[in-house]
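my_file.txt (compact mmCIF, C-alpha atoms)
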```txt
# COMPACT_ATOMS: atom_id res chain seq x y z
CA MET A 1 -50.80 -370.74 -111.92
CA PRO A 2 -49.44 -367.19 -112.38
CA SER A 3 -45.79 -366.63 -111.53
CA SER A 4 -46.03 -362.83 -111.62
CA THR A 5 -48.54 -360.10 -110.88
CA ARG A 6 -49.20 -356.55 -111.84
CA GLN A 7 -49.17 -354.11 -108.93
CA TRP A 8 -49.82 -350.44 -108.36
CA VAL A 9 -46.81 -349.20 -106.40
CA LEU A 10 -45.63 -345.91 -104.97
CA ASN A 11 -43.76 -343.73 -107.43
CA THR A 12 -43.64 -340.33 -105.72
CA GLN A 13 -44.67 -339.28 -102.21
CA PRO A 14 -47.54 -336.76 -102.43
CA THR A 15 -47.56 -333.70 -100.19
CA THR A 16 -51.18 -332.84 -100.99
CA LEU A 17 -53.77 -334.69 -103.09
CA PRO A 18 -52.23 -337.71 -104.85
CA SER A 19 -51.73 -337.26 -108.58
CA LEU A 20 -52.44 -339.88 -111.23
CA THR A 21 -51.00 -337.99 -114.20
CA GLY A 22 -48.09 -335.75 -115.14
CA PRO A 23 -44.34 -336.37 -115.01
CA SER A 24 -44.34 -337.64 -111.40
CA PRO A 25 -47.58 -339.50 -110.65
CA THR A 26 -48.08 -340.85 -107.15
CA PHE A 27 -48.48 -344.45 -108.36
CA THR A 28 -47.10 -346.48 -111.22
CA LEU A 29 -48.11 -349.88 -112.61
CA THR A 30 -45.40 -352.55 -112.44
CA THR A 31 -45.05 -356.32 -112.79
CA ASN A 32 -43.39 -358.33 -110.01
CA SER A 33 -42.69 -362.01 -109.39
CA LEU A 34 -44.85 -364.09 -107.09
CA PRO A 35 -43.27 -366.45 -104.54
CA THR A 36 -44.13 -370.14 -104.51
CA ILE A 37 -46.73 -370.76 -101.82
CA THR A 38 -45.88 -372.79 -98.72
CA PRO A 39 -48.22 -375.25 -96.93
CA THR A 40 -49.45 -372.37 -94.71
CA GLN A 41 -50.14 -369.97 -97.58
CA ALA A 42 -52.64 -369.34 -100.36
CA LEU A 43 -52.58 -367.54 -103.69
CA ILE A 44 -55.53 -365.17 -103.98
CA LYS A 45 -57.04 -363.04 -106.74
CA PRO A 46 -58.73 -359.87 -105.42
CA THR A 47 -62.09 -359.24 -107.05
CA LEU A 48 -63.59 -356.51 -104.83
CA PHE A 49 -61.27 -353.77 -103.54
CA SER A 50 -62.33 -351.60 -100.63
CA ASN A 51 -61.73 -347.86 -101.07
CA ASP A 52 -60.95 -346.16 -97.77
CA PRO A 53 -59.84 -342.62 -96.85
CA ALA A 54 -57.43 -344.19 -94.36
CA GLN A 55 -55.37 -345.51 -97.27
CA ARG A 56 -54.13 -341.94 -97.70
CA LEU A 57 -52.46 -342.32 -94.30
CA TRP A 58 -50.84 -345.57 -95.42
CA ILE A 59 -48.86 -343.84 -98.18
CA PRO A 60 -46.21 -341.88 -96.19
CA PRO A 61 -44.61 -345.01 -94.64
CA LEU A 62 -44.14 -346.59 -98.08
CA ALA A 63 -40.82 -346.66 -99.88
CA LYS A 64 -40.69 -346.10 -103.63
CA GLY A 65 -41.76 -349.29 -105.39
CA GLU A 66 -43.94 -350.64 -102.57
CA PRO A 67 -47.65 -351.36 -103.26
CA LEU A 68 -50.43 -349.58 -101.39
CA ALA A 69 -52.29 -351.73 -98.89
CA SER A 70 -55.99 -352.37 -99.42
CA MET A 71 -58.73 -354.47 -97.93
CA ALA A 72 -60.19 -356.85 -100.50
CA LEU A 73 -62.51 -359.75 -101.09
CA ALA A 74 -60.65 -362.34 -103.12
CA GLU A 75 -60.93 -365.78 -104.66
CA VAL A 76 -58.52 -368.49 -103.56
CA ILE A 77 -56.67 -369.65 -106.68
CA GLU A 78 -54.20 -372.04 -105.04
CA SER A 79 -54.04 -373.32 -101.46
CA GLY A 80 -51.13 -374.83 -99.59
CA SER A 81 -53.65 -376.54 -97.29
CA PRO A 82 -56.90 -377.30 -99.16
CA SER A 83 -58.41 -378.90 -96.06
CA ASP A 84 -58.09 -375.60 -94.20
CA LEU A 85 -58.84 -373.30 -97.14
CA PRO A 86 -60.31 -374.88 -100.27
CA VAL A 87 -59.59 -373.49 -103.72
CA GLY A 88 -62.51 -371.33 -104.86
CA SER A 89 -63.23 -369.95 -101.39
CA ILE A 90 -64.06 -366.25 -101.09
CA VAL A 91 -61.90 -364.61 -98.44
CA PHE A 92 -61.59 -361.20 -96.79
CA GLY A 93 -58.23 -359.78 -95.84
CA ARG A 94 -55.70 -356.98 -96.01
CA THR A 95 -53.76 -357.24 -99.24
CA THR A 96 -52.33 -354.73 -101.75
CA TRP A 97 -53.29 -353.20 -105.07
CA SER A 98 -52.21 -356.39 -106.85
CA GLU A 99 -53.86 -358.70 -109.37
CA TYR A 100 -52.61 -361.70 -107.40
CA ALA A 101 -51.07 -362.01 -103.94
CA VAL A 102 -49.70 -364.68 -101.61
CA HIS A 103 -50.95 -364.61 -98.01
CA GLU A 104 -50.83 -366.69 -94.88
CA ILE A 105 -54.04 -368.71 -94.61
CA ALA A 106 -54.41 -367.71 -90.96
CA GLU A 107 -54.67 -364.04 -92.01
CA LEU A 108 -57.64 -364.67 -94.34
CA ARG A 109 -61.27 -364.89 -93.25
CA VAL A 110 -63.67 -366.98 -95.31
CA VAL A 111 -66.94 -365.23 -96.10
CA LYS A 112 -70.16 -366.66 -97.46
CA PRO A 113 -72.86 -364.81 -99.38
CA LEU A 114 -75.92 -363.82 -97.39
CA GLU A 115 -79.23 -364.22 -99.18
CA GLY A 116 -80.34 -360.93 -100.63
CA LEU A 117 -77.10 -359.07 -99.86
CA SER A 118 -74.19 -358.07 -102.05
CA LEU A 119 -70.74 -359.35 -101.10
CA GLY A 120 -69.70 -355.69 -101.12
CA HIS A 121 -71.40 -355.28 -97.74
CA TYR A 122 -68.46 -357.20 -96.25
CA HIS A 123 -66.46 -354.05 -97.01
CA GLY A 124 -69.19 -351.73 -95.73
CA ALA A 125 -71.83 -352.31 -93.10
CA LEU A 126 -70.68 -355.89 -92.40
CA GLY A 127 -66.97 -355.07 -92.56
CA TRP A 128 -64.62 -352.44 -91.23
CA SER A 129 -67.13 -349.63 -91.80
CA GLY A 130 -69.75 -351.26 -89.61
CA LEU A 131 -67.13 -352.20 -87.03
CA THR A 132 -65.92 -348.58 -86.90
CA ALA A 133 -69.41 -347.15 -86.51
CA TYR A 134 -70.38 -349.70 -83.84
CA TYR A 135 -67.37 -349.15 -81.62
CA GLY A 136 -67.22 -345.40 -82.13
CA LEU A 137 -70.80 -344.92 -80.98
CA ILE A 138 -71.21 -347.73 -78.47
CA ASP A 139 -67.78 -348.39 -76.95
CA LYS A 140 -66.16 -344.95 -77.17
CA ALA A 141 -68.94 -342.35 -77.12
CA LYS A 142 -71.40 -344.56 -75.23
CA ALA A 143 -74.33 -343.05 -77.09
CA GLY A 144 -77.80 -343.81 -75.71
CA LYS A 145 -81.51 -343.03 -75.87
CA GLU A 146 -81.28 -339.64 -74.19
CA ASP A 147 -78.57 -338.32 -76.49
CA THR A 148 -78.52 -335.89 -79.36
CA VAL A 149 -76.03 -337.35 -81.84
CA VAL A 150 -74.34 -335.55 -84.74
CA ILE A 151 -72.59 -337.60 -87.44
CA SER A 152 -70.31 -336.00 -90.03
CA GLY A 153 -69.64 -337.72 -93.34
CA ALA A 154 -73.11 -339.18 -92.84
CA ALA A 155 -73.48 -340.27 -96.47
CA GLY A 156 -70.20 -342.19 -96.46
CA ALA A 157 -69.44 -345.82 -95.68
CA VAL A 158 -69.00 -345.35 -91.92
CA GLY A 159 -71.40 -342.45 -91.49
CA SER A 160 -74.35 -344.18 -93.18
CA ILE A 161 -74.21 -347.16 -90.84
CA ALA A 162 -73.49 -344.89 -87.84
CA VAL A 163 -76.74 -343.03 -88.56
CA GLN A 164 -78.61 -346.33 -88.58
CA ILE A 165 -77.00 -347.61 -85.39
CA ALA A 166 -77.78 -344.33 -83.60
CA ARG A 167 -81.41 -344.40 -84.72
CA GLY A 168 -82.44 -348.01 -85.22
CA ILE A 169 -80.34 -349.79 -82.58
CA LEU A 170 -79.59 -347.21 -79.88
CA GLY A 171 -82.79 -345.20 -80.30
CA ALA A 172 -81.03 -341.85 -79.81
CA LYS A 173 -83.33 -338.94 -79.01
CA ARG A 174 -82.16 -336.92 -82.01
CA VAL A 175 -79.85 -337.83 -84.90
CA ILE A 176 -78.34 -335.10 -87.07
CA GLY A 177 -76.32 -335.91 -90.18
CA ILE A 178 -73.88 -333.75 -92.10
CA ALA A 179 -73.25 -334.49 -95.80
CA GLY A 180 -72.09 -332.79 -99.01
CA SER A 181 -75.23 -332.31 -101.11
CA ASP A 182 -78.99 -331.94 -100.76
CA GLU A 183 -79.45 -335.28 -102.52
CA LYS A 184 -77.15 -337.03 -100.07
CA CYS A 185 -78.89 -335.36 -97.15
CA ARG A 186 -82.31 -336.60 -98.22
CA TRP A 187 -80.86 -340.12 -98.44
CA VAL A 188 -79.34 -339.81 -94.95
CA GLU A 189 -82.73 -338.76 -93.63
CA LYS A 190 -84.28 -341.86 -95.21
CA LEU A 191 -81.75 -343.92 -93.25
CA GLY A 192 -83.12 -342.47 -90.02
CA ALA A 193 -81.58 -339.05 -89.36
CA ASP A 194 -84.06 -336.48 -88.06
CA VAL A 195 -82.34 -333.92 -90.23
CA CYS A 196 -79.23 -333.72 -92.43
CA ILE A 197 -77.34 -330.50 -93.16
CA ASN A 198 -75.50 -329.80 -96.42
CA TYR A 199 -72.07 -328.47 -95.45
CA LYS A 200 -71.47 -327.14 -98.98
CA LYS A 201 -74.52 -324.89 -98.85
CA ASP A 202 -74.41 -321.20 -98.03
CA GLY A 203 -75.55 -320.68 -94.47
CA PHE A 204 -74.27 -324.07 -93.25
CA GLU A 205 -72.93 -322.65 -89.99
CA GLN A 206 -76.25 -320.98 -89.22
CA ASP A 207 -78.10 -324.20 -90.05
CA LEU A 208 -75.78 -326.15 -87.76
CA VAL A 209 -76.35 -323.75 -84.87
CA ARG A 210 -80.11 -323.88 -85.37
CA GLU A 211 -80.34 -327.68 -85.58
CA THR A 212 -78.09 -328.18 -82.53
CA GLU A 213 -79.85 -325.67 -80.31
CA GLY A 214 -79.77 -327.09 -76.81
CA GLY A 215 -76.41 -328.76 -77.38
CA VAL A 216 -74.97 -332.06 -78.59
CA ASP A 217 -74.18 -335.07 -76.40
CA VAL A 218 -72.27 -337.14 -78.98
CA PHE A 219 -70.38 -336.09 -82.09
CA PHE A 220 -69.18 -338.92 -84.35
CA ASP A 221 -66.61 -337.28 -86.60
CA ASN A 222 -65.18 -338.53 -89.88
CA VAL A 223 -63.92 -335.15 -91.09
CA GLY A 224 -61.95 -333.21 -88.44
CA GLY A 225 -60.39 -329.81 -89.15
CA SER A 226 -62.70 -326.84 -89.49
CA LEU A 227 -65.82 -328.94 -88.91
CA MET A 228 -64.48 -330.07 -85.56
CA GLU A 229 -63.91 -326.41 -84.71
CA LEU A 230 -67.54 -325.65 -85.46
CA MET A 231 -68.78 -328.56 -83.38
CA ILE A 232 -66.75 -328.01 -80.20
CA PRO A 233 -68.87 -325.01 -79.09
CA ARG A 234 -72.04 -327.03 -79.79
CA MET A 235 -71.11 -329.78 -77.31
CA LYS A 236 -72.89 -330.08 -73.98
CA THR A 237 -71.02 -330.29 -70.70
CA PHE A 238 -69.39 -333.74 -70.54
CA GLY A 239 -70.14 -334.29 -74.22
CA ARG A 240 -68.28 -337.08 -76.05
CA ILE A 241 -66.58 -336.86 -79.42
CA ALA A 242 -65.60 -340.07 -81.25
CA LEU A 243 -62.94 -339.12 -83.80
CA CYS A 244 -62.44 -341.93 -86.32
CA GLY A 245 -61.21 -339.90 -89.29
CA ALA A 246 -60.04 -336.49 -90.47
CA ILE A 247 -60.44 -336.62 -94.24
CA GLY A 248 -60.60 -332.83 -94.28
CA ASP A 249 -56.88 -332.74 -93.45
CA TYR A 250 -55.54 -335.82 -95.23
CA ASN A 251 -54.51 -334.00 -98.38
CA ARG A 252 -53.39 -330.69 -96.85
CA ALA A 253 -49.71 -329.80 -96.93
CA GLU A 254 -50.33 -328.19 -93.54
CA PRO A 255 -53.19 -329.65 -91.46
CA HIS A 256 -55.88 -327.17 -90.46
CA GLY A 257 -55.69 -328.17 -86.82
CA ILE A 258 -58.27 -327.33 -84.15
CA ARG A 259 -57.74 -323.77 -82.99
CA ASN A 260 -60.40 -323.76 -80.28
CA ILE A 261 -59.38 -327.03 -78.64
CA PHE A 262 -59.07 -325.15 -75.32
CA ARG A 263 -62.88 -324.94 -75.17
CA ILE A 264 -63.22 -328.62 -74.33
CA VAL A 265 -61.59 -327.98 -70.93
CA PRO A 266 -64.25 -325.92 -69.07
CA GLU A 267 -67.06 -328.09 -70.48
CA GLY A 268 -65.37 -331.39 -69.68
CA VAL A 269 -65.77 -332.62 -73.26
CA THR A 270 -63.89 -335.82 -74.07
CA ILE A 271 -62.41 -336.59 -77.48
CA TYR A 272 -61.81 -340.27 -78.17
CA GLY A 273 -59.48 -341.01 -81.04
CA PHE A 274 -59.75 -344.61 -82.20
CA SER A 275 -59.02 -346.93 -85.09
CA VAL A 276 -60.88 -349.96 -86.38
CA LEU A 277 -57.57 -351.82 -86.04
CA HIS A 278 -58.13 -351.79 -82.27
CA TYR A 279 -61.22 -353.99 -82.67
CA LEU A 280 -60.40 -356.49 -85.40
CA ASP A 281 -60.82 -359.41 -83.00
CA LYS A 282 -64.49 -358.37 -82.67
CA THR A 283 -65.26 -358.46 -86.40
CA ASP A 284 -67.31 -361.67 -86.43
CA GLU A 285 -69.19 -360.72 -83.26
CA VAL A 286 -70.21 -357.31 -84.60
CA MET A 287 -71.05 -358.70 -88.05
CA ASP A 288 -73.42 -361.25 -86.49
CA PHE A 289 -74.97 -358.48 -84.38
CA LEU A 290 -75.57 -356.25 -87.41
CA VAL A 291 -76.93 -359.11 -89.52
CA GLN A 292 -79.46 -359.82 -86.77
CA ALA A 293 -80.33 -356.11 -86.55
CA TRP A 294 -80.96 -356.17 -90.31
CA LYS A 295 -83.17 -359.26 -90.02
CA ASP A 296 -85.07 -357.55 -87.19
CA GLY A 297 -85.68 -354.49 -89.36
CA LYS A 298 -83.60 -352.15 -87.20
CA ILE A 299 -81.16 -351.23 -89.98
CA VAL A 300 -81.28 -351.27 -93.77
CA LEU A 301 -78.75 -353.16 -95.89
CA ASP A 302 -79.40 -352.69 -99.58
CA ASP A 303 -77.78 -351.49 -102.81
CA SER A 304 -78.10 -347.85 -101.75
CA LEU A 305 -75.43 -348.41 -99.10
CA GLU A 306 -72.69 -349.00 -101.64
CA THR A 307 -71.34 -347.40 -104.78
CA LEU A 308 -70.09 -350.38 -106.77
CA VAL A 309 -67.84 -349.48 -109.70
CA GLU A 310 -66.84 -352.08 -112.26
CA ALA A 311 -63.33 -351.33 -113.49
CA LYS A 312 -60.23 -352.75 -115.06
CA PHE A 313 -57.22 -353.26 -112.82
CA GLU A 314 -55.58 -350.30 -114.56
CA GLU A 315 -58.28 -348.06 -113.09
CA VAL A 316 -57.91 -349.01 -109.41
CA PRO A 317 -56.20 -345.78 -108.21
CA ALA A 318 -58.61 -343.58 -110.17
CA ILE A 319 -61.63 -345.21 -108.52
CA TRP A 320 -60.04 -344.75 -105.08
CA MET A 321 -59.52 -341.04 -105.80
CA ARG A 322 -63.29 -340.59 -106.12
CA LEU A 323 -63.41 -340.63 -102.31
CA PHE A 324 -61.80 -337.21 -102.21
CA GLU A 325 -64.26 -335.82 -104.75
CA GLY A 326 -67.35 -336.93 -102.81
CA ARG A 327 -68.48 -339.11 -105.71
CA ASN A 328 -69.99 -341.88 -103.63
CA THR A 329 -72.82 -342.62 -101.26
CA GLY A 330 -72.24 -345.39 -98.78
CA LYS A 331 -69.28 -347.66 -99.38
CA LEU A 332 -67.17 -347.18 -102.52
CA VAL A 333 -66.18 -350.62 -103.85
CA THR A 334 -64.16 -351.46 -106.97
CA ARG A 335 -65.14 -354.70 -108.71
CA ILE A 336 -62.42 -355.92 -111.04
CA PHE A 337 -63.60 -357.29 -114.35
CA GLU A 338 -61.70 -358.69 -117.31
CA TYR A 339 -62.56 -358.45 -120.97
```
As structure tokens, please, write out the structure in this file.
Amino acid sequence: MPSSTRQWVLNTQPTTLPSLTGPSPTFTLTTNSLPTITPTQALIKPTLFSNDPAQRLWIPPLAKGEPLASMALAEVIESGSPSDLPVGSIVFGRTTWSEYAVHEIAELRVVKPLEGLSLGHYHGALGWSGLTAYYGLIDKAKAGKEDTVVISGAAGAVGSIAVQIARGILGAKRVIGIAGSDEKCRWVEKLGADVCINYKKDGFEQDLVRETEGGVDVFFDNVGGSLMELMIPRMKTFGRIALCGAIGDYNRAEPHGIRNIFRIVPEGVTIYGFSVLHYLDKTDEVMDFLVQAWKDGKIVLDDSLETLVEAKFEEVPAIWMRLFEGRNTGKLVTRIFEY
């Protein structure tokens, strides 16, 4: 069994977009010792790393030399309690950018392949992405059949399943997606959106006003910043905004902020900030619900919902950085391979 592991650790705190090159890169590759496992622990080898915008928010609390946290699917290499967690099991859990890691068995969730589905979906629609979309729309925004729903980041991991929940499960009256290219928009429309607007295209603001004529009941926002500013005047009286991310501000030295926030007051608009961490105890329940919705034909779970990148461990940070370049549709997953 390995006694040490390579890890990607913090080298320099970034003030804007993390850097992977130059004299002071954000991360550096190191080798650290592994502790001997106890009867309540297991040694795991991550094979599928989740790439999440929220990881950018996990960097500032780190001290130099600490590894960045990451959700991963991993193989159990050694178990302190084989009866509770057999060697060879595939588990889901929060780990770090490490080749090997020691974790408490109680913190790991065993997953089993579903016929016809990639294991990567446990990071996407059947993982934290699906959980985020479900609770943002259903628990926070309380979206329903009579609602016009707008979803930003609609071609991303959370947005793509949010579109499907709004259309296929909730039966919303109108579903409008916002994404970063015409190609992505056509894909979002195939998932069930009535229309998708390309925010990088000239005339985006005019398109947004036209498509939201009559007002918006629910805005599910993954972007924040200037897009939130554009959407606030489009909200109906007593409209609901579920804010689960603000990727538009994550790499700004000075956040854009929302300069027209005062406009939510006369219209009685409610903004619900929330995190998937608030609902982790509901993971199995929501996963079962979404699997059944898939079996019933209400949502689609296929290869188009994930961008799976095979990479060496040395490439882990570079694959994660693709999130900030818009180089993915659906969930971005890194599959580690060895020569």
Show me the residues around (-65.5, -332.0, -68.2) - criterion: an atom at most 10 Å away, all atoms listed in the file counted - as a list in words.
Lys236, Thr237, Phe238, Gly239, Arg240, Ile264, Val265, Pro266, Glu267, Gly268, Val269 and Thr270 of chain A
Rank A:Thr38, A:Gln55, A:Ser3, A:Asn32 by their smallest atom-to-atom distance to Asn251 (chain A), using only C-alpha atoms, and report the top residue only.
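Under the stated criterion, the closest residue is A:Gln55.
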Check the smallest atom-to-atom distance from each of A:Gln292, A:Thr329, A:Thr40, A:Thr334 to Pro82 (chain A) using all atoms listed in the file, then report the winner.
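Result for the nearest residue to Pro82 (chain A): A:Thr40.
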Spatial neighbours of Phe219 (chain A), max dist 7 Å, all atoms listed in the file, sep filter under 2 positions, as a count of residues only:
8
So the first atom is CA of Gly224 (chain A) and the second is CA of Pro317 (chain A); what is the distance between them in Å, to one decimal place?
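So the two atoms, CA of Gly224 (chain A) and CA of Pro317 (chain A), lie 24.1 Å apart.
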Gap from CA of Leu29 (chain A) to CA of Thr12 (chain A) - Å, one decimal:
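CA of Thr12 (chain A) lies at a distance of 12.6 Å from CA of Leu29 (chain A).
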Length of the CA of Leu108 (chain A) to CA of Phe92 (chain A) vector [Å]
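Rounded to one decimal, the two atoms are 5.8 Å apart.
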Set the distance at 7 Å and use only C-alpha atoms: which residues neighbour Ala69 (chain A) once local chain neighbours fewer than 6 positions away are removed? I'd like the list as a ChimeraX atom specification.
/A:94-97
Centre, x/y/z edge lengths, axis-aligned box for region 103-122 of chain A with 4 Å per side, as JSON:
```
{"center_x": -65.6, "center_y": -362.0, "center_z": -96.5, "size_x": 37.5, "size_y": 21.4, "size_z": 19.1}
```
So that I can see what lies close to region 109-118 of chain A, please list as a short mmCIF file (atom, residue, chain, number, x, y, z; two decimals) with C-alpha atoms, keeping the file's coordinate frame the residues with an atom at most 12 Å from it, counting all atoms listed in the file and leaving out residues fewer than 3 positions away in the same chain.
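Saved to result.cif:
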```cif
data_model
loop_
_atom_site.label_atom_id
_atom_site.label_comp_id
_atom_site.auth_asym_id
_atom_site.auth_seq_id
_atom_site.Cartn_x
_atom_site.Cartn_y
_atom_site.Cartn_z
CA LEU A 48 -63.59 -356.51 -104.83
CA MET A 71 -58.73 -354.47 -97.93
CA ALA A 72 -60.19 -356.85 -100.50
CA LEU A 73 -62.51 -359.75 -101.09
CA ALA A 74 -60.65 -362.34 -103.12
CA GLU A 75 -60.93 -365.78 -104.66
CA VAL A 76 -58.52 -368.49 -103.56
CA ASP A 84 -58.09 -375.60 -94.20
CA LEU A 85 -58.84 -373.30 -97.14
CA PRO A 86 -60.31 -374.88 -100.27
CA VAL A 87 -59.59 -373.49 -103.72
CA GLY A 88 -62.51 -371.33 -104.86
CA SER A 89 -63.23 -369.95 -101.39
CA ILE A 90 -64.06 -366.25 -101.09
CA VAL A 91 -61.90 -364.61 -98.44
CA PHE A 92 -61.59 -361.20 -96.79
CA GLY A 93 -58.23 -359.78 -95.84
CA ARG A 94 -55.70 -356.98 -96.01
CA HIS A 103 -50.95 -364.61 -98.01
CA GLU A 104 -50.83 -366.69 -94.88
CA ILE A 105 -54.04 -368.71 -94.61
CA ALA A 106 -54.41 -367.71 -90.96
CA HIS A 121 -71.40 -355.28 -97.74
CA TYR A 122 -68.46 -357.20 -96.25
CA HIS A 123 -66.46 -354.05 -97.01
CA GLY A 124 -69.19 -351.73 -95.73
CA ALA A 125 -71.83 -352.31 -93.10
CA LEU A 126 -70.68 -355.89 -92.40
CA GLY A 127 -66.97 -355.07 -92.56
CA LEU A 280 -60.40 -356.49 -85.40
CA ASP A 281 -60.82 -359.41 -83.00
CA THR A 283 -65.26 -358.46 -86.40
CA ASP A 284 -67.31 -361.67 -86.43
CA MET A 287 -71.05 -358.70 -88.05
CA ASP A 288 -73.42 -361.25 -86.49
CA VAL A 291 -76.93 -359.11 -89.52
CA GLN A 292 -79.46 -359.82 -86.77
CA TRP A 294 -80.96 -356.17 -90.31
CA LYS A 295 -83.17 -359.26 -90.02
CA VAL A 300 -81.28 -351.27 -93.77
CA LEU A 301 -78.75 -353.16 -95.89
CA ASP A 302 -79.40 -352.69 -99.58
CA ASP A 303 -77.78 -351.49 -102.81
CA SER A 304 -78.10 -347.85 -101.75
CA LEU A 305 -75.43 -348.41 -99.10
CA GLU A 306 -72.69 -349.00 -101.64
CA THR A 307 -71.34 -347.40 -104.78
CA LEU A 308 -70.09 -350.38 -106.77
CA LYS A 331 -69.28 -347.66 -99.38
CA VAL A 333 -66.18 -350.62 -103.85
CA ARG A 335 -65.14 -354.70 -108.71
#
```
Would you please work out which residue, of A:Ser79, A:Ile169, A:Ser129, A:Val286, is nearest to Pro39 (chain A) when using only C-alpha atoms?
A:Ser79
Write out as a short mmCIF file (atom, residue, chain, number, x, y, z; two decimals) with C-alpha atoms, keeping the file's coordinate frame which residues come within 12 Å of region 17-25 of chain A when counting only C-alpha atoms, dropping same-chain ones fewer than 4 positions away.
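In the end it all went to selection_31.cif:
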```cif
data_model
loop_
_atom_site.label_atom_id
_atom_site.label_comp_id
_atom_site.auth_asym_id
_atom_site.auth_seq_id
_atom_site.Cartn_x
_atom_site.Cartn_y
_atom_site.Cartn_z
CA TRP A 8 -49.82 -350.44 -108.36
CA VAL A 9 -46.81 -349.20 -106.40
CA LEU A 10 -45.63 -345.91 -104.97
CA ASN A 11 -43.76 -343.73 -107.43
CA THR A 12 -43.64 -340.33 -105.72
CA GLN A 13 -44.67 -339.28 -102.21
CA LEU A 29 -48.11 -349.88 -112.61
CA PRO A 53 -59.84 -342.62 -96.85
CA GLN A 55 -55.37 -345.51 -97.27
CA ARG A 56 -54.13 -341.94 -97.70
CA LEU A 57 -52.46 -342.32 -94.30
CA ILE A 59 -48.86 -343.84 -98.18
CA PRO A 60 -46.21 -341.88 -96.19
CA LYS A 64 -40.69 -346.10 -103.63
CA ILE A 247 -60.44 -336.62 -94.24
CA GLY A 248 -60.60 -332.83 -94.28
CA ASP A 249 -56.88 -332.74 -93.45
CA TYR A 250 -55.54 -335.82 -95.23
CA ASN A 251 -54.51 -334.00 -98.38
CA ARG A 252 -53.39 -330.69 -96.85
CA ALA A 253 -49.71 -329.80 -96.93
CA GLU A 314 -55.58 -350.30 -114.56
CA GLU A 315 -58.28 -348.06 -113.09
CA VAL A 316 -57.91 -349.01 -109.41
CA PRO A 317 -56.20 -345.78 -108.21
CA ALA A 318 -58.61 -343.58 -110.17
CA ILE A 319 -61.63 -345.21 -108.52
CA TRP A 320 -60.04 -344.75 -105.08
CA MET A 321 -59.52 -341.04 -105.80
CA ARG A 322 -63.29 -340.59 -106.12
CA LEU A 323 -63.41 -340.63 -102.31
CA PHE A 324 -61.80 -337.21 -102.21
CA GLU A 325 -64.26 -335.82 -104.75
#
```
A:Glu146, A:Glu213, A:Glu189, A:Asp52 ranked by distance to Leu68 (chain A), top pick (using only C-alpha atoms)
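So, comparing all the options, the nearest one is A:Asp52.
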(-46.9, -365.7, -111.5) in this file's frame - what residues fall within 10 Å of it? Use all atoms listed in the file and give the answer as a PyMOL selection string.
chain A and resi 1-6+31-36+43+100-101
Nearest residue to Thr212 (chain A) from the set A:Ser160, A:Thr26, A:Asn328, A:Thr148 (distances using only C-alpha atoms)
A:Thr148
Between A:Pro233, A:Ile176, A:Asn222, A:Leu243, single out the one closest to Asp207 (chain A), counting all atoms listed in the file.
A:Ile176
Residues within 10 Å of Glu229 (chain A), please, as a ChimeraX atom specification. Count all atoms listed in the file; anything in the same chain fewer than 3 positions from it doesn't count.
/A:224-226,232-234,256-261,263
